[in-house]
Amino acid sequence: MRAETKLARTHSLGSRMSNETFITLFMLCVLVALFAVACAFVPNFYLPRNMINLLTNNWYVIILGIGVTFLLITGNFDMSVGGVIAMTGVLSVYFCQGAHVSQNVLANGLGLPYVVSVALALLCAMGIGAINALFIARLKVPSIIVTLGTMMIARGIGQIVTNGAQRNTSLPDVFGTLGNMVLPGTTIKLAVLIMIALVVFGFIFEKMTVAGRRMYLIGANAEAARLSGIKVKRHLASLFVLSSLLAGITGILLASEFKAGVSSRATGYEFDALVISLLGGVSIAGGFGSVLGMFVGAVILSVVTSAATGLLLSPDWQFTLKGVVTFAAILAQRFALDKRKG
Amino acid sequence: MELTENVLEIRDLVKDFPAVRAVNNVSFDIKRDTVHCLVGENGAGKSTLIKILTGATLRSRGRILLNGQEYSPRSTKEAKQRGISTLFQELNVVDQLTVEENLTLGIEDTRFGFLRKTDKVNAMIGVMNSLEPSINPRQLVSTLSVARKQIVEIAKAVATESDIIIMDEPTAAISESEIKRLFAIVKGLRDKNVTVIYISHRLDEIFELGDYVTVMRDGKHIETKRVSQIKDRSELIRLMIGKTVFEEYTAPEGGCKEAILKVEHLSNRKLKDISFDVHEGEIVGFYGLVGAGKTELARAIYGVDECDGKILFKGKKLSPSPDRVIAAGIALVPEERRSQGLFTILTIRGNVPVMNMRKISRNGFVNSAQERKVTLDYIETLRISTSSTEKEASKLSGGNQQKVVFAKCLFADADLLMLDEPTRGIDVGAKSEIYGIIRRLSREGKSIMIFSSELPEIMNICDTIYLLYDGRMKATMRNGCDIDSEKIIHIVTGGE
Amino acid sequence: MNAKTRKQDSLRAQTDRADTVRSNIKAFYIYVVLVLIVIVFSVVKLGQVEMFGRGHFLSPDSIINLLRSAVPILTLSGAFTLLMISGYIDLSVGSAMSLSAVVFAWMILNGVGFLLALLITLVMGIGLGFVNGLLVMKLRITPVIATLVTLNVFKGAALLIVPEGLSAIKGSAQRIMPAWINDYAREEVLLGLPWAFFVAILLIVILVIVQRKTIIGKYAAAIGGNRAAAELSGINAVKWVWVLYVVVGLFAACAGVARASYMSLGDPLSGDGMELDCIIAVLLGGTAFSGGSGSVAKTIVGALIIMCVTTGLMTVIPAFWQTMAKGSVLIIAVVLNHLLVREKAT
């Protein structure tokens with residue numbers, strides 16, 4: 001009993017912050033610094049509305065980021081999410097469009113009720129996740145390759161169903177509710193609330209659940225995890241399906257917002273999801289990282305891209321900026337962690 | 001430069017680790033162009049000595065003279081350049097290249113980048129042929145058996161004019177006929193101006209191959225002698241184990257208990273027809289030296305490796321996969337703690353509850369307070385030296401890391417615990433603590449299987465001792481009744 | 001020899017025989033696949049299909065067209081293979097190619113002569129590869145992430161060079177793109193094929209020789225096969241893989257020049273997806289993903305297969321099926337590669 005209380009006391013006194021918390025706080029400081037710089041140079045940056053926008057504008061990338069972060073923690077990539085968004089959106093429209101409505105092929109769908117369409121479309125999204133799981137967890141193929149392939153297959157499905165364009169007619173009014181709903185009295189979209197809820201759930205999952213713990217264990221040492229009785233293959237499979245499901249939900253919301261299933265939607269979103277995770281301190285080496293960090297990373301990306309827009313830089317700057325910022329973040333995080341150890 | 005009589009002279013060599021002095025003032029000579037064997041039990045200091053010679057670790061004190069000149073390599077590459085090549089169990093060949101390409105790796109003759117087949121290359125192939133003519137230089141190394149890959153490595157060492165080739169348990173993974181071939185080659189190396197340092201626990205090999213033998217025990221040099229001057233195995237064994245006093249073993253009370261684990265005719269690539277029982281509350285020891293098959297046996301039962309045969313646990317057939325074995329009530333402390341047992345980038349708290357999350361969670365949610373309490377309990381019980389549960393496992397000392405792995409497995413509440421080299425790298429005090437815990441668990445009715453290559457450990461706590469050699473179970477002994485340690489060593493080194 | 005060793009030897013003989021069959025399949029399947037694909041596309045819609053308006057699949061005109069548009073991937077995939085053999089990857093090759101096309105076109109448009117423009121572009125390619133090598137080998141950033149970063153940086157650079165409002169560096173009323181830009185990639189020099197094609201063939205031959213007969217090829221295989229053993233033998237892995245990244249950058253620049261010449265303009269998106277094509281070619285060619293083994297020659301056959309499939313499919317299926325098709329080809333290539341390659345034990 002003595003030893004326990006003594007240890008407990010030192011634990012709370014000299015309680016050493018975990019590396020993860022350290023990096024998240026570090027990137028938070030970076031965010032604040034960047035924000036300050038942006039305010040100094042970009043007109044109108046320091047407005048409440050702008051700040052809210054920074055936090056909520058890329059809600060879709062953040063939802064994707066949850067799945068991508070989880071998979072990065074286990075040491076895997078998921079580049080298929082952008083394609084899954086497009087596919088799910090298109091399918092939800094296609095399933096819901098009225099049947100036999102017009103001569104135009106793109107105006108005819110399967111005429112299913114909205115809820116059924118959404119459910120089916122999400123099932124298809126999870127199917128993509130299952131394919132990923134099959135190849136990566138079972139056949140042990142490098143995840144970067146497989147998910148690039150399934151990304152193309154998913155997007156391809158979207159393109160086939162829309163003949164390469166989009167489907168946006170013969171839709172019941174209910175189709176547009178989810179994507180355009182706002183919290184009464186504010187301009188906060190339902191999608192943003194869903195994003196916040198999912199991030200909170202994601203955080204609870206990774207920090208407080210058994211399954212979340214196991215995710216870190218697999219990433220830290222897959223062999224030791226297996227010898228400790230963790231069903232590694234099953235776990236990875238669930239994470240891939242979850243990631244695709246999150247992408248599917250995003251697709252449904254976007255399709256609903258624009259009342260259209262566009263085959264070219266979400267191009268490049270998978271890379272953005274990867275960027276915000278890396279900015280947030282998630283490591284591909286596995287076993288390290290948090291969705292909170294990813295959220296901070298998303299805001300950093302927001303600040304950088306909207307500062308660039310505010311400075312009237314052409315959108316072409318996005319690519320270079322994202323690359324450079326990611327690179328800088330990786331080096332900065334490594335430097336900060338090294339300094340902390342030494 | 002005149003060649004000295006001794007190719008290697010070791011003087012007062014010392015190597016200290018934080019917890020132990022692994023090499024304790026060792027001095028001896030190795031004569032040129034001989035086969036010099038190095039024997040000793042596990043923990044005698046052989047591997048540390050070899051690590052110093054190959055540049056894998058730095059000596060703490062002392063001198064080494066190689067060909068009469070100071071020798072203190074700072075890397076394995078430097079050792080190789082100075083003329084000491086090593087044959088390890090993990091082969092250092094590139095499977096995807098041909099034999100010829102492996103022989104010339106790193107020392108190719110080129111003109112404008114093009115690989116040329118010069119006289120030097122032909123000479124190397126000639127060396128290869130003189131050792132083993134049936135190996136085609138143009139075949140891929142991946143098509144060769146382990147034994148032949150070893151021969152390729154030997155050929156490379158000879159052809160690059162190594163003075164010394166160290167062979168570390170080379171016969172552990174090859175067949176009988178291949179062993180004969182290897183011996184012929186080793187004997188022939190003397191004529192090629194190569195000195196062989198041969199490490200093996202298979203004493204018959206010492207007598208067949210060796211010119212000299214050095215015996216080490218507890219980090220000290222015991223004796224170096226001409227093999228021809230050693231009477232028989234017993235003399236060698238006596239040198240190896242000395243007057244080891246084993247701690248008093250006390251047999252447990254209570255009558256015959258049920259058999260909780262029944263293994264019948266277990267066989268796979270390494271294991272040959274192993275059968276035994278483990279009873280409730282029994283501590284069973286599996287003793288054997290390198291390559292005997294201990295880890296393979298543990299892994300086969302745990303469901304990690306495939307095997308034939310019948311394994312019954314609590315009367316039911318055991319499913320061959322770790323998660324189901326754990327669910328049935330068996331937990332394993334693996335051999336390699338860093339790569340198999342521990343999650344090094346996680347904290348102690350992140351490691352300990354892993355095998356029994358149900359106990360610290362409800363409905364899938366982890367109870368942090370309980371998690372911390374459990375971790376603190378084990379830190380106290382096992383006396384893990386740390387200031388916080390949040391310390392990264394990688395920052396703990398080896399002994400403390402092993403204790404964390406131990407805690408992890410104890411928390412699994414298994415009825416049968418399998419411990420593979422449980423006190424490797426742990427200081428004497430901690431060892432004692434762990435033995436105390438094992439005994440207490442046995443009194444509480446848990447069964448324990450210990451796989452170990454340290455005889456004192458086995459003799460200290462095990463009720464029943466199984467001796468393994470070359471994948472076979474060679475003998476069974478009950479502790480407490482007149483155990484002859486000489487006989488034990490005799491059996492685990494290949495005697496009948 | 002006692003009974004036990006006799007049994008072991010006969011078991012080994014059996015596996016040896018199985019191995020021989022297996023390695024024969026590995027050696028030849030890819031040529032079989034290529035022939036099959038050509039046959040399939042020739043037979044499908046026989047007589048009805050006009051490939052690029054010039055007759056069916058096996059007609060000389062369509063073959064020439066196919067080979068002409070295959071120049072970039074033929075140029076690039078060989079070097080890509082060498083890098084993969086050493087166990088490393090470069091996902092930025094497509095953007096490096098686009099950037100090179102843009103820079104080259106810009107120079108031509110602004111009066112620089114062909115050879116000088118070519119030289120400068122190639123030097124830039126070396127620089128791009130050098131940057132990749134720096135990130136991966138010196139700064140030790142995971143190859144996938146490092147080259148995704150450079151993918152975006154190169155792509156951004158290419159987009160920024162193109163003036164606002166234009167989609168590519170091309171001729172306009174104010175400034176005409178000299179017509180001779182086309183000569184390199186389109187002018188019929190021999191058998192109806194342009195300079196660029198023969199340069200690509202020459203480069204392939206060089207790479208095949210480099211892989212089989214020079215120290216670069218051997219060290220790439222050694223590093224990819226067993227890096228520890230390679231370094232123990234004194235091979236400096238950092239240096240050699242860095243060299244391979246530079247080579248890939250150089251060849252990407254060469255491919256970019258060919259593409260710009262072919263299209264008479266510098267399109268900053270022209271190389272998009274090239275890295276996927278390279279990966280598919282490499283997978284079909286039987287190169288192990290973890291490195292150690294692989295063949296430039298087989299990758300080239302794989303590249304031809306991709307070209308046949310994509311151009312053949314273009315005539316058979318509508319444009320919006322292309323992405324799905326390519327994704328499926330990648331997955332099929334992954335499966336084939338998995339069946340053929342016994343990954344080295346980790």
# chains A, B, ... in the order shown; residues from 1 in each chain; ligands from 1
call {"tool": "residues_around", "arguments": {"residues": "Gly327 in chain C", "least_positions_apart": "5", "cutoff": "10 Å", "atoms": "only C-alpha atoms", "output": "list of chain:residue names"}}
result
A:Val146, A:Thr147, A:Leu148, A:Gly149, A:Thr150, A:Met151, A:Met152, A:Ile153, A:Ala154, A:Arg155, A:Gly156, C:Leu276, C:Ile280, C:Gln322, C:Ile332, C:Ala333
call {"tool": "residues_around", "arguments": {"residues": "Asn57 in chain A", "least_positions_apart": "6", "cutoff": "12 Å", "atoms": "only C-alpha atoms", "output": "PyMOL selection string"}}
result
chain A and resi 49-51+63+187-189+191-193+195+298-299+301-303+305-306
call {"tool": "interface_residues", "arguments": {"of": "chain B", "to": "chain A", "cutoff": "7 Å", "atoms": "only C-alpha atoms", "output": "mmCIF file with C-alpha atoms, in the first residue's frame"}}
result
data_model
loop_
_atom_site.group_PDB
_atom_site.id
_atom_site.type_symbol
_atom_site.label_atom_id
_atom_site.label_comp_id
_atom_site.auth_asym_id
_atom_site.auth_seq_id
_atom_site.Cartn_x
_atom_site.Cartn_y
_atom_site.Cartn_z
ATOM 1 C CA PRO B 322 -2.827 -17.606 -30.505
ATOM 2 C CA ASP B 323 -6.038 -15.782 -29.718
ATOM 3 C CA ILE B 326 -5.153 -17.560 -24.940
ATOM 4 C CA SER B 339 10.375 -7.867 -31.085
ATOM 5 C CA GLN B 340 7.760 -10.323 -29.846
ATOM 6 C CA GLY B 341 6.797 -9.567 -26.302
ATOM 7 C CA LEU B 342 6.792 -5.834 -25.838
ATOM 8 C CA PHE B 343 5.204 -2.812 -27.454
ATOM 9 C CA ILE B 345 6.819 2.690 -28.156
ATOM 10 C CA VAL B 354 -3.132 -6.187 -23.211
ATOM 11 C CA MET B 355 -3.875 -9.867 -22.891
ATOM 12 C CA MET B 357 -8.677 -6.321 -21.650
ATOM 13 C CA GLY B 364 -15.853 -2.293 -24.654
ATOM 14 C CA PHE B 365 -14.893 0.844 -22.726
ATOM 15 C CA VAL B 366 -11.640 0.871 -20.843
ATOM 16 C CA LEU B 376 0.681 -0.060 -10.340
ATOM 17 C CA GLU B 380 4.935 -3.141 -7.111
ATOM 18 C CA SER B 387 8.943 6.419 -11.530
ATOM 19 C CA SER B 388 5.699 6.304 -13.431
#
call {"tool": "closest_atom_pairs", "arguments": {"of": "chain C", "to": "chain A", "cutoff": "6 Å", "atoms": "only C-alpha atoms", "output": "CSV"}}
result
residue,atom,partner,partner_atom,distance
C:Val149,CA,A:Gly323,CA,4.5
C:Asn152,CA,A:Phe319,CA,4.9
C:Val153,CA,A:Thr320,CA,4.1
C:Gly156,CA,A:Thr320,CA,4.6
C:Leu159,CA,A:Asp316,CA,5.8
C:Phe320,CA,A:Gly164,CA,4.8
C:Trp321,CA,A:Ile160,CA,5.8
C:Thr323,CA,A:Gly156,CA,4.8
C:Met324,CA,A:Gly156,CA,3.9
C:Gly327,CA,A:Gly149,CA,4.6
C:Leu330,CA,A:Gly149,CA,5.7
C:Ile331,CA,A:Gly149,CA,5.9
call {"tool": "residues_around", "arguments": {"residues": "Gly111 in chain A", "least_positions_apart": "5", "cutoff": "8 Å", "atoms": "only C-alpha atoms", "output": "number ranges by chain"}}
result
A: 95-99
call {"tool": "interface_residues", "arguments": {"of": "chain C", "to": "chain B", "cutoff": "6 Å", "atoms": "only C-alpha atoms", "output": "list of chain:residue names"}}
result
C:Lys213, C:Thr214, C:Ile215, C:Gly225, C:Asn226, C:Ala229, C:Leu232, C:Ser233, C:Gly234, C:Ile235, C:Gly292
call {"tool": "write_last_selection", "arguments": {"atoms": "N, CA and C atoms", "output": "mmCIF file, in the first residue's frame"}}
result
data_model
loop_
_atom_site.group_PDB
_atom_site.id
_atom_site.type_symbol
_atom_site.label_atom_id
_atom_site.label_comp_id
_atom_site.auth_asym_id
_atom_site.auth_seq_id
_atom_site.Cartn_x
_atom_site.Cartn_y
_atom_site.Cartn_z
ATOM 1 N N LYS C 213 24.297 -6.396 -66.322
ATOM 2 C CA LYS C 213 25.739 -6.529 -66.448
ATOM 3 C C LYS C 213 26.562 -5.483 -65.706
ATOM 4 N N THR C 214 25.898 -4.532 -65.081
ATOM 5 C CA THR C 214 26.729 -3.553 -64.394
ATOM 6 C C THR C 214 26.507 -3.613 -62.891
ATOM 7 N N ILE C 215 27.351 -2.857 -62.228
ATOM 8 C CA ILE C 215 27.355 -2.879 -60.776
ATOM 9 C C ILE C 215 26.096 -2.237 -60.229
ATOM 10 N N GLY C 225 17.420 -7.083 -51.851
ATOM 11 C CA GLY C 225 17.294 -8.462 -51.405
ATOM 12 C C GLY C 225 17.657 -8.652 -49.944
ATOM 13 N N ASN C 226 18.750 -8.060 -49.504
ATOM 14 C CA ASN C 226 19.198 -8.220 -48.121
ATOM 15 C C ASN C 226 20.121 -7.060 -47.803
ATOM 16 N N ALA C 229 23.132 -7.632 -45.455
ATOM 17 C CA ALA C 229 24.254 -8.343 -46.065
ATOM 18 C C ALA C 229 24.992 -7.431 -47.034
ATOM 19 N N LEU C 232 27.058 -4.984 -45.085
ATOM 20 C CA LEU C 232 28.179 -5.683 -44.465
ATOM 21 C C LEU C 232 29.293 -5.911 -45.473
ATOM 22 N N SER C 233 28.915 -6.079 -46.738
ATOM 23 C CA SER C 233 29.916 -6.277 -47.777
ATOM 24 C C SER C 233 30.488 -4.960 -48.254
ATOM 25 N N GLY C 234 30.105 -3.882 -47.600
ATOM 26 C CA GLY C 234 30.721 -2.603 -47.902
ATOM 27 C C GLY C 234 29.952 -1.743 -48.881
ATOM 28 N N ILE C 235 28.741 -2.150 -49.232
ATOM 29 C CA ILE C 235 27.958 -1.356 -50.180
ATOM 30 C C ILE C 235 27.265 -0.223 -49.435
ATOM 31 N N GLY C 292 14.615 -6.807 -54.579
ATOM 32 C CA GLY C 292 15.522 -7.942 -54.671
ATOM 33 C C GLY C 292 15.500 -8.595 -56.029
#
call {"tool": "closest_residue", "arguments": {"among": "B:Ser485, B:Ser442, B:Ser361, B:Asn24", "to": "Ile458 in chain B", "atoms": "only C-alpha atoms"}}
result
B:Ser485
call {"tool": "select_by_dssp", "arguments": {"residues": "range 46-169 of chain A", "states": "alpha helix (DSSP H)", "output": "MDAnalysis selection string"}}
result
chainID A and resid 48:56 59:73 81:96 114:133 143:161
call {"tool": "write_last_selection", "arguments": {"atoms": "C-alpha atoms", "output": "JSON list (two decimals), in the first residue's frame"}}
result
[["chain", "number", "residue", "atom", "x", "y", "z"],
["A", 48, "PRO", "CA", -15.03, 35.73, -36.31],
["A", 49, "ARG", "CA", -16.82, 34.46, -39.36],
["A", 50, "ASN", "CA", -13.54, 33.66, -41.03],
["A", 51, "MET", "CA", -12.32, 31.78, -37.99],
["A", 52, "ILE", "CA", -15.45, 29.68, -37.86],
["A", 53, "ASN", "CA", -15.07, 28.96, -41.54],
["A", 54, "LEU", "CA", -11.53, 27.83, -40.99],
["A", 55, "LEU", "CA", -12.77, 25.28, -38.52],
["A", 56, "THR", "CA", -15.73, 24.03, -40.49],
["A", 59, "TRP", "CA", -15.60, 19.16, -42.69],
["A", 60, "TYR", "CA", -15.54, 16.50, -45.38],
["A", 61, "VAL", "CA", -11.77, 16.08, -45.29],
["A", 62, "ILE", "CA", -11.90, 15.84, -41.51],
["A", 63, "ILE", "CA", -14.42, 13.02, -41.59],
["A", 64, "LEU", "CA", -12.17, 11.23, -44.06],
["A", 65, "GLY", "CA", -9.24, 12.03, -41.82],
["A", 66, "ILE", "CA", -10.71, 9.96, -39.01],
["A", 67, "GLY", "CA", -10.54, 6.76, -41.00],
["A", 68, "VAL", "CA", -7.22, 7.62, -42.58],
["A", 69, "THR", "CA", -5.72, 8.44, -39.18],
["A", 70, "PHE", "CA", -6.86, 5.15, -37.71],
["A", 71, "LEU", "CA", -5.34, 3.23, -40.59],
["A", 72, "LEU", "CA", -2.11, 5.22, -40.44],
["A", 73, "ILE", "CA", -1.86, 4.32, -36.77],
["A", 81, "VAL", "CA", -11.64, 7.40, -49.87],
["A", 82, "GLY", "CA", -11.99, 10.08, -52.53],
["A", 83, "GLY", "CA", -13.27, 7.59, -55.03],
["A", 84, "VAL", "CA", -15.66, 6.14, -52.47],
["A", 85, "ILE", "CA", -17.17, 9.59, -51.85],
["A", 86, "ALA", "CA", -17.91, 9.99, -55.54],
["A", 87, "MET", "CA", -19.23, 6.47, -55.91],
["A", 88, "THR", "CA", -21.51, 6.64, -52.90],
["A", 89, "GLY", "CA", -22.91, 10.03, -53.86],
["A", 90, "VAL", "CA", -23.61, 8.89, -57.40],
["A", 91, "LEU", "CA", -25.18, 5.65, -56.29],
["A", 92, "SER", "CA", -27.39, 7.36, -53.74],
["A", 93, "VAL", "CA", -28.71, 9.58, -56.52],
["A", 94, "TYR", "CA", -29.08, 6.71, -58.95],
["A", 95, "PHE", "CA", -30.96, 4.53, -56.51],
["A", 96, "CYS", "CA", -33.27, 7.38, -55.62],
["A", 114, "TYR", "CA", -34.43, 7.84, -49.98],
["A", 115, "VAL", "CA", -33.58, 5.89, -46.85],
["A", 116, "VAL", "CA", -33.21, 2.66, -48.79],
["A", 117, "SER", "CA", -31.04, 4.37, -51.40],
["A", 118, "VAL", "CA", -28.78, 5.75, -48.74],
["A", 119, "ALA", "CA", -28.51, 2.42, -46.98],
["A", 120, "LEU", "CA", -27.69, 0.57, -50.17],
["A", 121, "ALA", "CA", -25.14, 3.14, -51.23],
["A", 122, "LEU", "CA", -23.41, 2.90, -47.85],
["A", 123, "LEU", "CA", -23.36, -0.86, -48.20],
["A", 124, "CYS", "CA", -21.56, -0.48, -51.50],
["A", 125, "ALA", "CA", -19.07, 1.85, -49.84],
["A", 126, "MET", "CA", -18.38, -0.76, -47.18],
["A", 127, "GLY", "CA", -17.94, -3.25, -49.98],
["A", 128, "ILE", "CA", -14.98, -1.27, -51.21],
["A", 129, "GLY", "CA", -13.61, -1.35, -47.70],
["A", 130, "ALA", "CA", -14.06, -5.10, -47.67],
["A", 131, "ILE", "CA", -12.08, -5.46, -50.89],
["A", 132, "ASN", "CA", -9.31, -3.37, -49.36],
["A", 133, "ALA", "CA", -9.37, -5.57, -46.29],
["A", 143, "SER", "CA", -1.83, -0.85, -48.84],
["A", 144, "ILE", "CA", -0.75, 2.07, -50.99],
["A", 145, "ILE", "CA", -1.08, 0.02, -54.16],
["A", 146, "VAL", "CA", -4.34, -1.71, -53.38],
["A", 147, "THR", "CA", -6.13, 1.41, -52.23],
["A", 148, "LEU", "CA", -5.02, 3.31, -55.32],
["A", 149, "GLY", "CA", -6.59, 0.51, -57.33],
["A", 150, "THR", "CA", -9.83, 0.48, -55.39],
["A", 151, "MET", "CA", -9.91, 4.25, -55.59],
["A", 152, "MET", "CA", -10.01, 3.96, -59.35],
["A", 153, "ILE", "CA", -12.56, 1.20, -59.27],
["A", 154, "ALA", "CA", -14.85, 3.19, -56.98],
["A", 155, "ARG", "CA", -14.51, 6.34, -59.02],
["A", 156, "GLY", "CA", -14.92, 4.25, -62.14],
["A", 157, "ILE", "CA", -18.24, 2.97, -60.88],
["A", 158, "GLY", "CA", -19.28, 6.56, -60.31],
["A", 159, "GLN", "CA", -18.25, 7.46, -63.82],
["A", 160, "ILE", "CA", -20.01, 4.52, -65.41],
["A", 161, "VAL", "CA", -23.27, 5.22, -63.67]]
call {"tool": "closest_residue", "arguments": {"among": "A:Ser277, A:Thr177, A:Ser290, A:Ser238", "to": "Phe203 in chain A", "atoms": "only C-alpha atoms"}}
result
A:Ser290
call {"tool": "closest_residue", "arguments": {"among": "C:Asp90, C:Val71, C:Met97, C:Asn132", "to": "Trp195 in chain C", "atoms": "only C-alpha atoms"}}
result
C:Val71
call {"tool": "residues_around", "arguments": {"residues": "Asn65 in chain C", "least_positions_apart": "4", "cutoff": "9 Å", "atoms": "only C-alpha atoms", "output": "list in words"}}
result
Phe52, Pro60, Asp61, Ser69, Ala70 and Leu193 of chain C
call {"tool": "decode", "arguments": {"residues": "range 311-325 of chain C", "atoms": "N, CA and C atoms", "output": "PDB file, in the first residue's frame"}}
result
ATOM      1  N   THR C 311      -5.273   1.273 -75.179  1.00  0.00           N
ATOM      2  CA  THR C 311      -5.703   1.726 -76.508  1.00  0.00           C
ATOM      3  C   THR C 311      -6.758   0.800 -77.081  1.00  0.00           C
ATOM      4  N   GLY C 312      -6.604  -0.479 -76.823  1.00  0.00           N
ATOM      5  CA  GLY C 312      -7.620  -1.405 -77.299  1.00  0.00           C
ATOM      6  C   GLY C 312      -8.968  -1.130 -76.659  1.00  0.00           C
ATOM      7  N   LEU C 313      -8.927  -0.917 -75.351  1.00  0.00           N
ATOM      8  CA  LEU C 313     -10.194  -0.662 -74.662  1.00  0.00           C
ATOM      9  C   LEU C 313     -10.831   0.635 -75.128  1.00  0.00           C
ATOM     10  N   MET C 314      -9.974   1.579 -75.481  1.00  0.00           N
ATOM     11  CA  MET C 314     -10.518   2.872 -75.903  1.00  0.00           C
ATOM     12  C   MET C 314     -11.463   2.712 -77.070  1.00  0.00           C
ATOM     13  N   THR C 315     -11.217   1.712 -77.888  1.00  0.00           N
ATOM     14  CA  THR C 315     -12.080   1.540 -79.047  1.00  0.00           C
ATOM     15  C   THR C 315     -13.297   0.702 -78.719  1.00  0.00           C
ATOM     16  N   VAL C 316     -13.201  -0.020 -77.654  1.00  0.00           N
ATOM     17  CA  VAL C 316     -14.266  -0.963 -77.376  1.00  0.00           C
ATOM     18  C   VAL C 316     -15.254  -0.434 -76.350  1.00  0.00           C
ATOM     19  N   ILE C 317     -14.734   0.337 -75.400  1.00  0.00           N
ATOM     20  CA  ILE C 317     -15.626   0.829 -74.351  1.00  0.00           C
ATOM     21  C   ILE C 317     -15.627   2.359 -74.350  1.00  0.00           C
ATOM     22  N   PRO C 318     -16.714   2.917 -73.863  1.00  0.00           N
ATOM     23  CA  PRO C 318     -16.784   4.381 -73.823  1.00  0.00           C
ATOM     24  C   PRO C 318     -15.728   4.960 -72.881  1.00  0.00           C
ATOM     25  N   ALA C 319     -15.443   6.231 -73.059  1.00  0.00           N
ATOM     26  CA  ALA C 319     -14.376   6.867 -72.294  1.00  0.00           C
ATOM     27  C   ALA C 319     -14.590   6.766 -70.802  1.00  0.00           C
ATOM     28  N   PHE C 320     -15.837   6.842 -70.371  1.00  0.00           N
ATOM     29  CA  PHE C 320     -16.042   6.886 -68.926  1.00  0.00           C
ATOM     30  C   PHE C 320     -15.924   5.527 -68.254  1.00  0.00           C
ATOM     31  N   TRP C 321     -15.558   4.513 -69.015  1.00  0.00           N
ATOM     32  CA  TRP C 321     -15.255   3.224 -68.402  1.00  0.00           C
ATOM     33  C   TRP C 321     -13.768   3.087 -68.115  1.00  0.00           C
ATOM     34  N   GLN C 322     -13.004   4.060 -68.588  1.00  0.00           N
ATOM     35  CA  GLN C 322     -11.549   3.926 -68.523  1.00  0.00           C
ATOM     36  C   GLN C 322     -11.016   3.773 -67.102  1.00  0.00           C
ATOM     37  N   THR C 323     -11.510   4.636 -66.198  1.00  0.00           N
ATOM     38  CA  THR C 323     -10.969   4.592 -64.836  1.00  0.00           C
ATOM     39  C   THR C 323     -11.226   3.240 -64.187  1.00  0.00           C
ATOM     40  N   MET C 324     -12.442   2.778 -64.332  1.00  0.00           N
ATOM     41  CA  MET C 324     -12.784   1.470 -63.785  1.00  0.00           C
ATOM     42  C   MET C 324     -11.873   0.410 -64.374  1.00  0.00           C
ATOM     43  N   ALA C 325     -11.660   0.521 -65.697  1.00  0.00           N
ATOM     44  CA  ALA C 325     -10.814  -0.464 -66.361  1.00  0.00           C
ATOM     45  C   ALA C 325      -9.410  -0.429 -65.789  1.00  0.00           C
TER      46      ALA C 325
END
